[in-house]
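Student: I'd like to ask some things about the structure below.
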Amino acid sequence: MSTSLFTITDKPISIEEVVQKVIRPEAGAVTTFIGTVREFTNGKRTLFLQYEAYVSMAEKILEQIGNEISERWPEAKVAITHRIGRLDISDIAVVIAVSTPHRKDAYEANQYAIERIKQIVPIWKKEHWEDGTEWVGNQLETKAYPTGKPEGEDLA
Amino acid sequence: MSTSLFTITDKPISIEEVVQKVIRPEAGAVTTFIGTVREFTNGKRTLFLQYEAYVSMAEKILEQIGNEISERWPEAKVAITHRIGRLDISDIAVVIAVSTPHRKDAYEANQYAIERIKQIVPIWKKEHWEDGTEWVGNQLETKAYPTGKPEGEDLA
Amino acid sequence: MITLLFFSYLKEAVGNEQIKMEYTPITVKQLKQQLETNYGLDLQHVMVAVNEEYAQEGQLLQPGDTIAFIPPVSGG
Amino acid sequence: MITLLFFSYLKEAVGNEQIKMEYTPITVKQLKQQLETNYGLDLQHVMVAVNEEYAQEGQLLQPGDTIAFIPPVSGG
């Protein structure tokens with residue numbers, strides 16, 4: 001495992017290891033967010049996902065998110081690990097751990113982290129369906145490009 | 001480990017085991033809350049804590065909290081393990097895991113669970129300081145009774 | 001018979017985790033008053049559970065009941 | 001020289017993860033337009049990072065820059 005707080009890995013993620021990076025005597029609360037591969041999205045069955053990242057930049061941007069959190073919640077400590085490569089149903093794609101002295105901050109800072117990851121961290125996932133593949137094309141995970149490229153109104 | 005979703009234990013808690021109880025193909029988001037023993041509370045150093053529970057009732061009430069969550073967030077699945085006995089600094093006292101299809105619900109339901117635990121689950125902690133011991137006397141963890149009983153304005 | 005259970009600082013104040021008492025048809029509130037007198041306790045902020053369910057002050061006790069005195073909780 | 005990096009569906013559309021180009025003093029925006037013409041791409045919703053930092057459209061490229069084309073991300 002990496003001892004860095006902000007890591008991209010192609011190995012399964014250990015939740016305990018990510019949590020251990022933020023546990024400390026002055027913090028009484030740790031929240032984690034664990035993103036897992038969901039089988040059905042909008043009624044369509046996913047067989048597996050392929051995640052790809054611009055690894056060096058993604059780790060930098062994760063660290064930037066950590067800095068943004070430190071500005072907003074100075075007492076928070078954050079660790080984030082994101083997995084890439086092939087992930088099957090229920091595999092863990094991302095673990096975000098935040099420790100704070102008080103629990104409200106731990107929830108808020110954690111939620112901030114996942115929202116920012118979905119906005120700016122250069123990681124992409126390709127859905128593998130029974131009848132084809134699609135790169136998921138926007139941050140809200142609501143659009144896909146069946147041809148592999150944006151088309152129609154997304155090009156407007 | 002117990003396979004029950006709502007458990008009191010006198011053994012160290014495995015985060016992975018609690019999380020595994022709620023991971024499922026239809027859920028893409030798991031949040032956890034991990035309560036750890038904080039070294040300093042209001043500037044006073046804790047050496048260790050002793051947790052005590054009315055075990056049979058506490059497990060029932062945890063299950064009741066699970067039912068309350070199911071009413072408010074029908075798609076959520078919840079598991080809670082609380083440890084009792086002696087806990088040292090940074091030991092894990094409680095793990096709450098909530099899985100949902102969508103992440104916002106996972107944060108909200110998780111926070112609901114910890115608030116309810118602090119209100120109604122019959123578990124108590126005794127602080128062991130350098131200069132004595134104190135049962136923590138109210139849900140907000142702001143009051144202690146140095147004589148071991150409520151006194152002064154708390155009796156008014 | 002009824003069984004009384006004490007936790008946290010109440011257990012230390014009473015000096016016992018469990019007390020068996022003869023059954024008499026009284027309410028939760030009356031039992032609390034009786035214990036306050038006999039043991040010099042303050043039970044104002046103490047909740048009561050009868051057979052592992054939180055009870056109202058007006059609930060009438062039944063023979064065989066287990067009555068637990070629940071000081072403000074501090075789990076989590 | 002400058003280095004161009006492509007990810008996600010852009011990598012498949014361009015048919016290459018990485019392209020080396022002769023340096024010419026152009027902006028991010030001009031480079032995008034050039035690629036849109038040459039490869040038939042739509043880069044309107046594609047962010048650009050220069051040397052691993054998100055760049056404005058008006059930024060002037062420097063020799064040795066690594067320019068990454070970042071389609072809407074979908075991590076998490």
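Just remember, in the structure tokens the first chain shown is A, the second B, etc., residues are 1-based per chain, and ligands are 1-based in the order shown.
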Kindly determine which residues of chain A lie within 8 Å of chain B, considering only C-alpha atoms, and give the answer as a list in words.

Tutor: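 For chain A, the answer reads Ile15, Glu16, Ile23, Arg24, Pro25, Glu26, Ala27, Gly28, Ala29, Val30, Thr31, Thr32, Phe33, Ile34, Gly35, Thr36, Val37, Arg38, Glu39, Phe40, Ile89, Ser90, Pro101, Tyr107 and Gln111 of chain A.
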
Student: Would you give me, as a list in words, the residues in chain D that DSSP reads as strand (DSSP E or B)?

Tutor: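 Filtering chain D to strand (DSSP E or B) leaves Ile2, Thr3, Leu4, Leu5, Phe6, Gln18, Ile19, Lys20, Met21, Thr27, Met47, Val48, Ala49, Val50, Glu53, Tyr54, Leu60, Thr66, Ile67, Ala68, Phe69 and Ile70 of chain D.
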
Student: Give me, as a ChimeraX atom specification, the contact residues of chain D against chain A at a cut-off of 8 Å, counting only C-alpha atoms.

Tutor: /D:7-10,12-13,42,44,52-53,70-76

Student: Env of Gln18 (chain D): 7 Å cut, atoms = only C-alpha atoms, seq-sep filter 3 positions within chain, self excluded. Answer as a PyMOL selection string.

Tutor: chain D and resi 3-6

Student: Between CA of Arg72 (chain A) and CA of Tyr112 (chain B), measure the distance and give it in Å to one decimal.

Tutor: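 For CA of Arg72 (chain A) relative to CA of Tyr112 (chain B), the distance reads 23.2 Å.
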
Student: Give me the residues within 8 Å of Phe6 (chain A) as a JSON list (two decimals) with N, CA and C atoms, in the first residue's frame, counting only C-alpha atoms and dropping any in the same chain fewer than 4 places off.

Tutor:
[["chain", "number", "residue", "atom", "x", "y", "z"],
["A", 59, "GLU", "N", -3.48, 12.36, -8.80],
["A", 59, "GLU", "CA", -2.98, 12.39, -7.42],
["A", 59, "GLU", "C", -2.75, 13.83, -6.96],
["A", 60, "LYS", "N", -2.26, 14.67, -7.87],
["A", 60, "LYS", "CA", -2.10, 16.09, -7.53],
["A", 60, "LYS", "C", -3.43, 16.76, -7.21],
["A", 62, "LEU", "N", -6.21, 15.29, -6.25],
["A", 62, "LEU", "CA", -6.72, 14.78, -4.97],
["A", 62, "LEU", "C", -6.09, 15.57, -3.82],
["A", 63, "GLU", "N", -4.80, 15.82, -3.95],
["A", 63, "GLU", "CA", -4.11, 16.59, -2.91],
["A", 63, "GLU", "C", -4.65, 18.02, -2.84],
["A", 79, "ALA", "N", -7.75, 11.45, 3.72],
["A", 79, "ALA", "CA", -7.01, 10.51, 2.87],
["A", 79, "ALA", "C", -7.96, 9.97, 1.81],
["A", 80, "ILE", "N", -7.48, 9.89, 0.60],
["A", 80, "ILE", "CA", -8.31, 9.40, -0.51],
["A", 80, "ILE", "C", -7.52, 8.40, -1.34],
["A", 81, "THR", "N", -8.11, 7.23, -1.59],
["A", 81, "THR", "CA", -7.52, 6.27, -2.52],
["A", 81, "THR", "C", -8.55, 5.94, -3.59]]

Student: Please list as an NGL selection string every residue within 7 Å of region 47-49 of chain C, counting only C-alpha atoms and excluding residues in the same chain fewer than 5 positions away.

Tutor: :C and (54-55 or 67-71)

Student: Convert the current residue selection to file output with C-alpha atoms, as an mmCIF file, in the first residue's frame.

Tutor:
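This is the output file part.cif:
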data_model
loop_
_atom_site.group_PDB
_atom_site.id
_atom_site.type_symbol
_atom_site.label_atom_id
_atom_site.label_comp_id
_atom_site.auth_asym_id
_atom_site.auth_seq_id
_atom_site.Cartn_x
_atom_site.Cartn_y
_atom_site.Cartn_z
ATOM 1 C CA TYR C 54 -38.764 2.713 27.255
ATOM 2 C CA ALA C 55 -41.752 3.272 29.534
ATOM 3 C CA ILE C 67 -37.258 -2.377 35.249
ATOM 4 C CA ALA C 68 -34.055 -0.747 34.082
ATOM 5 C CA PHE C 69 -32.958 2.724 35.168
ATOM 6 C CA ILE C 70 -31.240 4.427 32.268
ATOM 7 C CA PRO C 71 -29.155 7.517 33.069
#
